[in-house]
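Enquirer: Data: protein.cif, mmCIF, N, CA, C and O atoms.
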data_my_file
loop_
_atom_site.label_atom_id
_atom_site.label_comp_id
_atom_site.auth_asym_id
_atom_site.auth_seq_id
_atom_site.Cartn_x
_atom_site.Cartn_y
_atom_site.Cartn_z
N MET U 1 18.46 -6.67 -6.82
CA MET U 1 17.91 -7.64 -7.72
C MET U 1 16.84 -6.96 -8.58
O MET U 1 15.95 -6.30 -8.04
N PRO U 2 16.89 -7.08 -9.89
CA PRO U 2 15.92 -6.40 -10.74
C PRO U 2 14.53 -7.03 -10.62
O PRO U 2 14.40 -8.22 -10.34
N LYS U 3 13.52 -6.21 -10.81
CA LYS U 3 12.15 -6.70 -10.77
C LYS U 3 11.61 -6.80 -12.18
O LYS U 3 11.97 -6.01 -13.05
N SER U 4 10.74 -7.77 -12.40
CA SER U 4 10.07 -7.91 -13.68
C SER U 4 8.61 -7.53 -13.49
O SER U 4 8.01 -7.87 -12.48
N SER U 5 8.09 -6.84 -14.45
CA SER U 5 6.66 -6.56 -14.41
C SER U 5 6.16 -6.42 -15.83
O SER U 5 6.92 -6.08 -16.74
N ILE U 6 4.91 -6.71 -15.99
CA ILE U 6 4.27 -6.59 -17.29
C ILE U 6 3.34 -5.40 -17.23
O ILE U 6 2.53 -5.28 -16.31
N HIS U 7 3.49 -4.51 -18.17
CA HIS U 7 2.64 -3.33 -18.22
C HIS U 7 1.83 -3.39 -19.52
O HIS U 7 2.35 -3.05 -20.58
N PRO U 8 0.56 -3.83 -19.44
CA PRO U 8 -0.24 -3.90 -20.65
C PRO U 8 -0.49 -2.51 -21.22
O PRO U 8 -0.41 -1.52 -20.50
N ASN U 9 -0.76 -2.47 -22.50
CA ASN U 9 -1.11 -1.23 -23.17
C ASN U 9 -2.32 -0.63 -22.47
O ASN U 9 -3.36 -1.26 -22.37
N SER U 10 -2.19 0.59 -21.97
CA SER U 10 -3.26 1.18 -21.19
C SER U 10 -4.54 1.38 -22.00
O SER U 10 -5.62 1.48 -21.43
N ASP U 11 -4.44 1.44 -23.33
CA ASP U 11 -5.64 1.56 -24.15
C ASP U 11 -6.43 0.26 -24.16
O ASP U 11 -7.65 0.27 -24.23
N SER U 12 -5.72 -0.87 -24.10
CA SER U 12 -6.38 -2.17 -24.14
C SER U 12 -6.96 -2.57 -22.79
O SER U 12 -7.99 -3.21 -22.72
N PHE U 13 -6.27 -2.23 -21.73
CA PHE U 13 -6.68 -2.59 -20.38
C PHE U 13 -6.59 -1.37 -19.48
O PHE U 13 -5.68 -1.24 -18.68
N PRO U 14 -7.55 -0.46 -19.59
CA PRO U 14 -7.41 0.80 -18.88
C PRO U 14 -7.45 0.70 -17.36
O PRO U 14 -6.82 1.48 -16.68
N ASN U 15 -8.17 -0.26 -16.80
CA ASN U 15 -8.31 -0.36 -15.35
C ASN U 15 -8.15 -1.80 -14.88
O ASN U 15 -9.12 -2.47 -14.60
N PRO U 16 -6.91 -2.30 -14.77
CA PRO U 16 -6.76 -3.67 -14.29
C PRO U 16 -7.27 -3.78 -12.85
O PRO U 16 -7.11 -2.85 -12.06
N VAL U 17 -7.90 -4.89 -12.55
CA VAL U 17 -8.43 -5.09 -11.21
C VAL U 17 -7.30 -5.28 -10.22
O VAL U 17 -7.35 -4.80 -9.10
N PHE U 18 -6.23 -5.98 -10.64
CA PHE U 18 -5.05 -6.14 -9.81
C PHE U 18 -3.85 -6.42 -10.69
O PHE U 18 -3.99 -6.83 -11.84
N THR U 19 -2.68 -6.14 -10.16
CA THR U 19 -1.44 -6.47 -10.86
C THR U 19 -0.54 -7.24 -9.89
O THR U 19 -0.61 -7.06 -8.68
N LEU U 20 0.29 -8.09 -10.45
CA LEU U 20 1.23 -8.88 -9.67
C LEU U 20 2.63 -8.46 -10.05
O LEU U 20 2.94 -8.33 -11.24
N THR U 21 3.50 -8.26 -9.07
CA THR U 21 4.90 -7.93 -9.32
C THR U 21 5.79 -8.78 -8.43
O THR U 21 5.38 -9.18 -7.33
N ALA U 22 6.98 -9.07 -8.94
CA ALA U 22 7.94 -9.87 -8.18
C ALA U 22 9.31 -9.70 -8.80
O ALA U 22 9.44 -9.30 -9.96
N ALA U 23 10.33 -10.05 -8.03
CA ALA U 23 11.69 -10.08 -8.55
C ALA U 23 11.78 -11.18 -9.61
O ALA U 23 11.05 -12.18 -9.55
N TYR U 24 12.70 -11.00 -10.55
CA TYR U 24 12.84 -11.97 -11.64
C TYR U 24 13.03 -13.40 -11.12
O TYR U 24 12.40 -14.33 -11.60
N ASN U 25 13.90 -13.57 -10.13
CA ASN U 25 14.17 -14.91 -9.60
C ASN U 25 12.91 -15.54 -9.02
O ASN U 25 12.71 -16.75 -9.14
N ASN U 26 12.07 -14.75 -8.37
CA ASN U 26 10.82 -15.28 -7.82
C ASN U 26 9.85 -15.67 -8.92
O ASN U 26 9.20 -16.71 -8.84
N ILE U 27 9.75 -14.84 -9.96
CA ILE U 27 8.89 -15.18 -11.10
C ILE U 27 9.39 -16.48 -11.74
O ILE U 27 8.60 -17.38 -12.05
N LYS U 28 10.70 -16.57 -11.91
CA LYS U 28 11.30 -17.77 -12.51
C LYS U 28 10.98 -19.00 -11.67
O LYS U 28 10.58 -20.05 -12.20
N ASP U 29 11.10 -18.88 -10.35
CA ASP U 29 10.81 -20.00 -9.46
C ASP U 29 9.33 -20.39 -9.51
O ASP U 29 8.99 -21.58 -9.47
N ILE U 30 8.45 -19.42 -9.61
CA ILE U 30 7.02 -19.73 -9.73
C ILE U 30 6.74 -20.43 -11.06
O ILE U 30 6.05 -21.45 -11.11
N MET U 31 7.32 -19.91 -12.13
CA MET U 31 7.07 -20.49 -13.45
C MET U 31 7.68 -21.87 -13.63
O MET U 31 7.20 -22.66 -14.42
N THR U 32 8.73 -22.18 -12.89
CA THR U 32 9.34 -23.51 -12.99
C THR U 32 8.81 -24.46 -11.92
O THR U 32 9.23 -25.61 -11.86
N GLY U 33 7.89 -23.99 -11.08
CA GLY U 33 7.27 -24.84 -10.08
C GLY U 33 8.06 -24.99 -8.79
O GLY U 33 7.68 -25.78 -7.92
N LYS U 34 9.14 -24.25 -8.64
CA LYS U 34 9.94 -24.34 -7.41
C LYS U 34 9.34 -23.54 -6.26
O LYS U 34 9.67 -23.78 -5.11
N LEU U 35 8.48 -22.58 -6.59
CA LEU U 35 7.86 -21.73 -5.57
C LEU U 35 6.35 -21.71 -5.82
O LEU U 35 5.90 -21.39 -6.92
N ASN U 36 5.60 -22.06 -4.80
CA ASN U 36 4.15 -22.04 -4.88
C ASN U 36 3.68 -20.58 -4.91
O ASN U 36 4.13 -19.77 -4.08
N PRO U 37 2.80 -20.21 -5.85
CA PRO U 37 2.37 -18.81 -5.94
C PRO U 37 1.68 -18.30 -4.68
O PRO U 37 1.83 -17.14 -4.31
N MET U 38 0.92 -19.15 -4.00
CA MET U 38 0.25 -18.72 -2.77
C MET U 38 1.28 -18.47 -1.66
O MET U 38 1.18 -17.51 -0.92
N THR U 39 2.29 -19.33 -1.58
CA THR U 39 3.36 -19.14 -0.61
C THR U 39 4.11 -17.85 -0.93
O THR U 39 4.46 -17.08 -0.02
N ALA U 40 4.35 -17.61 -2.21
CA ALA U 40 5.05 -16.39 -2.64
C ALA U 40 4.27 -15.15 -2.21
O ALA U 40 4.86 -14.17 -1.76
N MET U 41 2.94 -15.19 -2.35
CA MET U 41 2.13 -14.04 -1.93
C MET U 41 2.20 -13.85 -0.42
O MET U 41 2.35 -12.72 0.06
N MET U 42 2.10 -14.93 0.32
CA MET U 42 2.08 -14.82 1.78
C MET U 42 3.43 -14.38 2.36
O MET U 42 3.49 -13.79 3.43
N THR U 43 4.51 -14.66 1.64
CA THR U 43 5.85 -14.25 2.09
C THR U 43 6.31 -12.96 1.42
O THR U 43 7.48 -12.59 1.53
N MET U 44 5.41 -12.30 0.69
CA MET U 44 5.66 -11.04 0.01
C MET U 44 6.70 -11.14 -1.10
O MET U 44 7.29 -10.14 -1.50
N LYS U 45 6.94 -12.33 -1.61
CA LYS U 45 7.81 -12.48 -2.77
C LYS U 45 7.05 -12.18 -4.05
O LYS U 45 7.64 -11.87 -5.08
N LEU U 46 5.73 -12.29 -3.98
CA LEU U 46 4.83 -11.93 -5.07
C LEU U 46 3.87 -10.90 -4.50
O LEU U 46 3.13 -11.19 -3.57
N LYS U 47 3.93 -9.69 -5.03
CA LYS U 47 3.14 -8.60 -4.47
C LYS U 47 1.93 -8.32 -5.33
O LYS U 47 2.00 -8.34 -6.55
N VAL U 48 0.82 -8.06 -4.65
CA VAL U 48 -0.44 -7.77 -5.32
C VAL U 48 -0.75 -6.30 -5.11
O VAL U 48 -0.70 -5.79 -3.99
N LYS U 49 -1.07 -5.63 -6.21
CA LYS U 49 -1.49 -4.22 -6.13
C LYS U 49 -2.89 -4.16 -6.72
O LYS U 49 -3.12 -4.67 -7.82
N GLY U 50 -3.79 -3.56 -6.02
CA GLY U 50 -5.15 -3.44 -6.53
C GLY U 50 -6.14 -4.12 -5.61
O GLY U 50 -5.95 -4.18 -4.40
N ASN U 51 -7.18 -4.68 -6.21
CA ASN U 51 -8.28 -5.24 -5.46
C ASN U 51 -7.95 -6.66 -5.00
O ASN U 51 -8.21 -7.63 -5.70
N MET U 52 -7.39 -6.76 -3.81
CA MET U 52 -7.00 -8.06 -3.25
C MET U 52 -8.24 -8.94 -3.02
O MET U 52 -8.19 -10.14 -3.22
N GLY U 53 -9.34 -8.35 -2.62
CA GLY U 53 -10.57 -9.11 -2.39
C GLY U 53 -11.04 -9.80 -3.66
O GLY U 53 -11.43 -10.97 -3.64
N TYR U 54 -11.00 -9.08 -4.77
CA TYR U 54 -11.40 -9.67 -6.06
C TYR U 54 -10.49 -10.84 -6.41
O TYR U 54 -10.94 -11.89 -6.83
N MET U 55 -9.19 -10.64 -6.22
CA MET U 55 -8.25 -11.71 -6.54
C MET U 55 -8.49 -12.92 -5.65
O MET U 55 -8.48 -14.05 -6.12
N MET U 56 -8.71 -12.70 -4.36
CA MET U 56 -8.92 -13.81 -3.44
C MET U 56 -10.22 -14.56 -3.76
O MET U 56 -10.29 -15.78 -3.58
N ARG U 57 -11.22 -13.86 -4.27
CA ARG U 57 -12.45 -14.54 -4.68
C ARG U 57 -12.24 -15.35 -5.94
O ARG U 57 -13.03 -16.23 -6.26
N ASN U 58 -11.18 -15.04 -6.69
CA ASN U 58 -10.91 -15.71 -7.96
C ASN U 58 -9.60 -16.48 -7.95
O ASN U 58 -8.97 -16.64 -8.99
N VAL U 59 -9.19 -16.97 -6.79
CA VAL U 59 -7.93 -17.70 -6.66
C VAL U 59 -7.84 -18.86 -7.65
O VAL U 59 -6.80 -19.04 -8.29
N PRO U 60 -8.89 -19.67 -7.84
CA PRO U 60 -8.77 -20.78 -8.80
C PRO U 60 -8.40 -20.30 -10.21
O PRO U 60 -7.60 -20.93 -10.90
N VAL U 61 -8.95 -19.18 -10.63
CA VAL U 61 -8.64 -18.64 -11.97
C VAL U 61 -7.18 -18.19 -12.02
O VAL U 61 -6.47 -18.46 -12.99
N VAL U 62 -6.72 -17.51 -10.97
CA VAL U 62 -5.33 -17.05 -10.92
C VAL U 62 -4.39 -18.25 -10.94
O VAL U 62 -3.39 -18.27 -11.66
N LEU U 63 -4.70 -19.29 -10.16
CA LEU U 63 -3.85 -20.48 -10.13
C LEU U 63 -3.88 -21.22 -11.47
O LEU U 63 -2.87 -21.78 -11.89
N ASP U 64 -5.03 -21.23 -12.16
CA ASP U 64 -5.09 -21.81 -13.51
C ASP U 64 -4.17 -21.06 -14.46
O ASP U 64 -3.49 -21.66 -15.28
N PHE U 65 -4.16 -19.73 -14.34
CA PHE U 65 -3.26 -18.93 -15.17
C PHE U 65 -1.81 -19.31 -14.90
O PHE U 65 -1.02 -19.49 -15.83
N VAL U 66 -1.46 -19.47 -13.62
CA VAL U 66 -0.09 -19.85 -13.27
C VAL U 66 0.24 -21.22 -13.84
O VAL U 66 1.31 -21.44 -14.39
N ARG U 67 -0.70 -22.17 -13.73
CA ARG U 67 -0.46 -23.52 -14.28
C ARG U 67 -0.24 -23.47 -15.79
O ARG U 67 0.64 -24.14 -16.32
N CYS U 68 -1.02 -22.67 -16.49
CA CYS U 68 -0.84 -22.52 -17.94
C CYS U 68 0.53 -21.92 -18.25
O CYS U 68 1.23 -22.37 -19.16
N ALA U 69 0.91 -20.90 -17.49
CA ALA U 69 2.21 -20.27 -17.71
C ALA U 69 3.34 -21.25 -17.42
O ALA U 69 4.36 -21.26 -18.11
N GLN U 70 3.15 -22.12 -16.42
CA GLN U 70 4.17 -23.13 -16.11
C GLN U 70 4.32 -24.12 -17.27
O GLN U 70 5.43 -24.52 -17.60
N GLU U 71 3.21 -24.50 -17.88
CA GLU U 71 3.27 -25.43 -19.02
C GLU U 71 4.03 -24.81 -20.19
O GLU U 71 4.85 -25.47 -20.82
N VAL U 72 3.76 -23.54 -20.46
CA VAL U 72 4.47 -22.85 -21.53
C VAL U 72 5.95 -22.76 -21.21
O VAL U 72 6.82 -22.99 -22.06
N THR U 73 6.25 -22.46 -19.95
CA THR U 73 7.65 -22.35 -19.51
C THR U 73 8.39 -23.68 -19.71
O THR U 73 9.51 -23.70 -20.19
N LYS U 74 7.72 -24.78 -19.39
CA LYS U 74 8.34 -26.11 -19.56
C LYS U 74 8.64 -26.37 -21.02
O LYS U 74 9.68 -26.92 -21.36
N GLU U 75 7.73 -25.97 -21.92
CA GLU U 75 7.95 -26.17 -23.35
C GLU U 75 9.08 -25.30 -23.86
O GLU U 75 9.84 -25.71 -24.74
N ILE U 76 9.22 -24.09 -23.33
CA ILE U 76 10.29 -23.19 -23.78
C ILE U 76 11.65 -23.68 -23.28
O ILE U 76 12.63 -23.64 -24.00
N LEU U 77 11.69 -24.12 -22.02
CA LEU U 77 12.96 -24.57 -21.45
C LEU U 77 13.31 -25.93 -22.01
O LEU U 77 14.38 -26.35 -22.12
#
So, in terms of structure tokens, how does the structure I just supplied come out?
Expert:
Amino acid sequence: MPKSSIHPNSDSFPNPVFTLTAAYNNIKDIMTGKLNPMTAMMTMKLKVKGNMGYMMRNVPVVLDFVRCAQEVTKEIL
């Protein structure tokens, strides 16, 4: 199964604090609301690379990002 990942321009974001990667189907399920992002992380369907402590301290911000992405996804679909 192919994986999707976003690689920002390294000049714009030289040191990301963390990155998230997942298979396309898992990203699709998260974006359509079929898979909870926290459940995906705990079951390793959504992998975190980098500073996990920083991300865990900022879970509300990460979940807000997911909610915004879900709204955009609904408008596109």
Enquirer: Could you list, as a list of chain:residue names, every residue matched by the PyMOL selection byres ((chain U and resi 18) around 7) in this structure?
Expert: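 On this input, the PyMOL selection byres ((chain U and resi 18) around 7) captures U:Asn15, U:Pro16, U:Val17, U:Thr19, U:Leu20, U:Val48, U:Lys49, U:Gly50, U:Asn51, U:Met52.
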Enquirer: Please report the interatomic distance between atom N of Thr73 (chain U) and atom C of Met56 (chain U) in Å with one decimal.
Expert: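 So the answer is 24.4 Å.
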Enquirer: Using only C-alpha atoms, determine which residues lie at most 12 Å from Asp29 (chain U), disregarding the query and same-chain residues fewer than 6 positions distant; provide the list as a list in words.
Expert: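 Surrounding residues, per the criterion: Ala22, Ala23, Leu35, Asn36, Pro37, Thr39, Ala40, Lys45, Leu46, Val66, Ala69, Gln70 and Thr73 of chain U.
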Enquirer: As number ranges by chain, please: every residue in chain U that a backbone DSSP assignment puts in strand (DSSP E or B).
Expert: U: 3-4, 18-23, 46-50
Enquirer: Measure the distance from atom C of Met44 (chain U) to atom N of Asp11 (chain U) in Å and round it to one decimal.
Expert: 27.9 Å
Enquirer: Which of these residues is nearest to Met31 (chain U), using all atoms listed in the file: U:Thr43, U:Pro60, U:Tyr54, U:Cys68?
Expert: U:Cys68
Enquirer: Let's see if you can do this: from backbone DSSP, list all helix (DSSP H, G or I) residues in chain U, as a ChimeraX atom specification.
Expert: /U:24-31,37-42,52-57,59-76
Enquirer: Rounded to one decimal place, report the CA of Lys34 (chain U)-atom O of Val61 (chain U) distance in Å.
Expert: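 Spanning CA of Lys34 (chain U) to atom O of Val61 (chain U) is a straight-line distance of 18.3 Å.
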Enquirer: Complete the atoms of region 63-74 of chain U to all heavy atoms and put them out as a short mmCIF file (atom, residue, chain, number, x, y, z; two decimals), keeping the file's coordinate frame.
Expert:
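Listing of rebuild-v6.cif after writing:
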data_model
loop_
_atom_site.label_atom_id
_atom_site.label_comp_id
_atom_site.auth_asym_id
_atom_site.auth_seq_id
_atom_site.Cartn_x
_atom_site.Cartn_y
_atom_site.Cartn_z
N LEU U 63 -4.70 -19.29 -10.16
CA LEU U 63 -3.85 -20.48 -10.13
C LEU U 63 -3.88 -21.22 -11.47
O LEU U 63 -2.87 -21.78 -11.89
CB LEU U 63 -4.27 -21.40 -8.98
CG LEU U 63 -4.00 -20.84 -7.58
CD1 LEU U 63 -4.51 -21.80 -6.52
CD2 LEU U 63 -2.54 -20.53 -7.38
N ASP U 64 -5.03 -21.23 -12.16
CA ASP U 64 -5.09 -21.81 -13.51
C ASP U 64 -4.17 -21.06 -14.46
O ASP U 64 -3.49 -21.66 -15.28
CB ASP U 64 -6.52 -21.82 -14.05
CG ASP U 64 -7.36 -22.93 -13.46
OD1 ASP U 64 -6.79 -23.89 -12.91
OD2 ASP U 64 -8.60 -22.83 -13.57
N PHE U 65 -4.16 -19.73 -14.34
CA PHE U 65 -3.26 -18.93 -15.17
C PHE U 65 -1.81 -19.31 -14.90
O PHE U 65 -1.02 -19.49 -15.83
CB PHE U 65 -3.48 -17.44 -14.90
CG PHE U 65 -2.46 -16.58 -15.57
CD1 PHE U 65 -2.52 -16.34 -16.92
CD2 PHE U 65 -1.41 -16.03 -14.84
CE1 PHE U 65 -1.57 -15.55 -17.55
CE2 PHE U 65 -0.46 -15.25 -15.46
CZ PHE U 65 -0.53 -15.01 -16.81
N VAL U 66 -1.46 -19.47 -13.62
CA VAL U 66 -0.09 -19.85 -13.27
C VAL U 66 0.24 -21.22 -13.84
O VAL U 66 1.31 -21.44 -14.39
CB VAL U 66 0.13 -19.81 -11.73
CG1 VAL U 66 1.46 -20.44 -11.34
CG2 VAL U 66 0.04 -18.38 -11.23
N ARG U 67 -0.70 -22.17 -13.73
CA ARG U 67 -0.46 -23.52 -14.28
C ARG U 67 -0.24 -23.47 -15.79
O ARG U 67 0.64 -24.14 -16.32
CB ARG U 67 -1.62 -24.45 -13.94
CG ARG U 67 -1.53 -25.02 -12.53
CD ARG U 67 -2.56 -26.11 -12.32
NE ARG U 67 -3.90 -25.58 -12.11
CZ ARG U 67 -4.37 -25.14 -10.96
NH1 ARG U 67 -3.61 -25.14 -9.90
NH2 ARG U 67 -5.60 -24.68 -10.86
N CYS U 68 -1.02 -22.67 -16.49
CA CYS U 68 -0.84 -22.52 -17.94
C CYS U 68 0.53 -21.92 -18.25
O CYS U 68 1.23 -22.37 -19.16
CB CYS U 68 -1.92 -21.64 -18.53
SG CYS U 68 -3.54 -22.40 -18.56
N ALA U 69 0.91 -20.90 -17.49
CA ALA U 69 2.21 -20.27 -17.71
C ALA U 69 3.34 -21.25 -17.42
O ALA U 69 4.36 -21.26 -18.11
CB ALA U 69 2.35 -19.02 -16.83
N GLN U 70 3.15 -22.12 -16.42
CA GLN U 70 4.17 -23.13 -16.11
C GLN U 70 4.32 -24.12 -17.27
O GLN U 70 5.43 -24.52 -17.60
CB GLN U 70 3.82 -23.87 -14.82
CG GLN U 70 4.04 -23.04 -13.58
CD GLN U 70 3.54 -23.72 -12.33
OE1 GLN U 70 2.69 -24.61 -12.37
NE2 GLN U 70 4.05 -23.29 -11.19
N GLU U 71 3.21 -24.50 -17.88
CA GLU U 71 3.27 -25.43 -19.02
C GLU U 71 4.03 -24.81 -20.19
O GLU U 71 4.85 -25.47 -20.82
CB GLU U 71 1.86 -25.85 -19.46
CG GLU U 71 1.18 -26.76 -18.46
CD GLU U 71 1.92 -28.06 -18.25
OE1 GLU U 71 2.40 -28.67 -19.21
OE2 GLU U 71 2.04 -28.45 -17.06
N VAL U 72 3.76 -23.54 -20.46
CA VAL U 72 4.47 -22.85 -21.53
C VAL U 72 5.95 -22.76 -21.21
O VAL U 72 6.82 -22.99 -22.06
CB VAL U 72 3.86 -21.44 -21.77
CG1 VAL U 72 4.73 -20.62 -22.70
CG2 VAL U 72 2.45 -21.56 -22.30
N THR U 73 6.25 -22.46 -19.95
CA THR U 73 7.65 -22.35 -19.51
C THR U 73 8.39 -23.68 -19.71
O THR U 73 9.51 -23.70 -20.19
CB THR U 73 7.72 -21.92 -18.02
OG1 THR U 73 7.06 -20.66 -17.90
CG2 THR U 73 9.15 -21.79 -17.56
N LYS U 74 7.72 -24.78 -19.39
CA LYS U 74 8.34 -26.11 -19.56
C LYS U 74 8.64 -26.37 -21.02
O LYS U 74 9.68 -26.92 -21.36
CB LYS U 74 7.42 -27.20 -19.03
CG LYS U 74 7.35 -27.25 -17.53
CD LYS U 74 6.34 -28.31 -17.07
CE LYS U 74 6.08 -28.19 -15.59
NZ LYS U 74 4.98 -29.07 -15.16
#
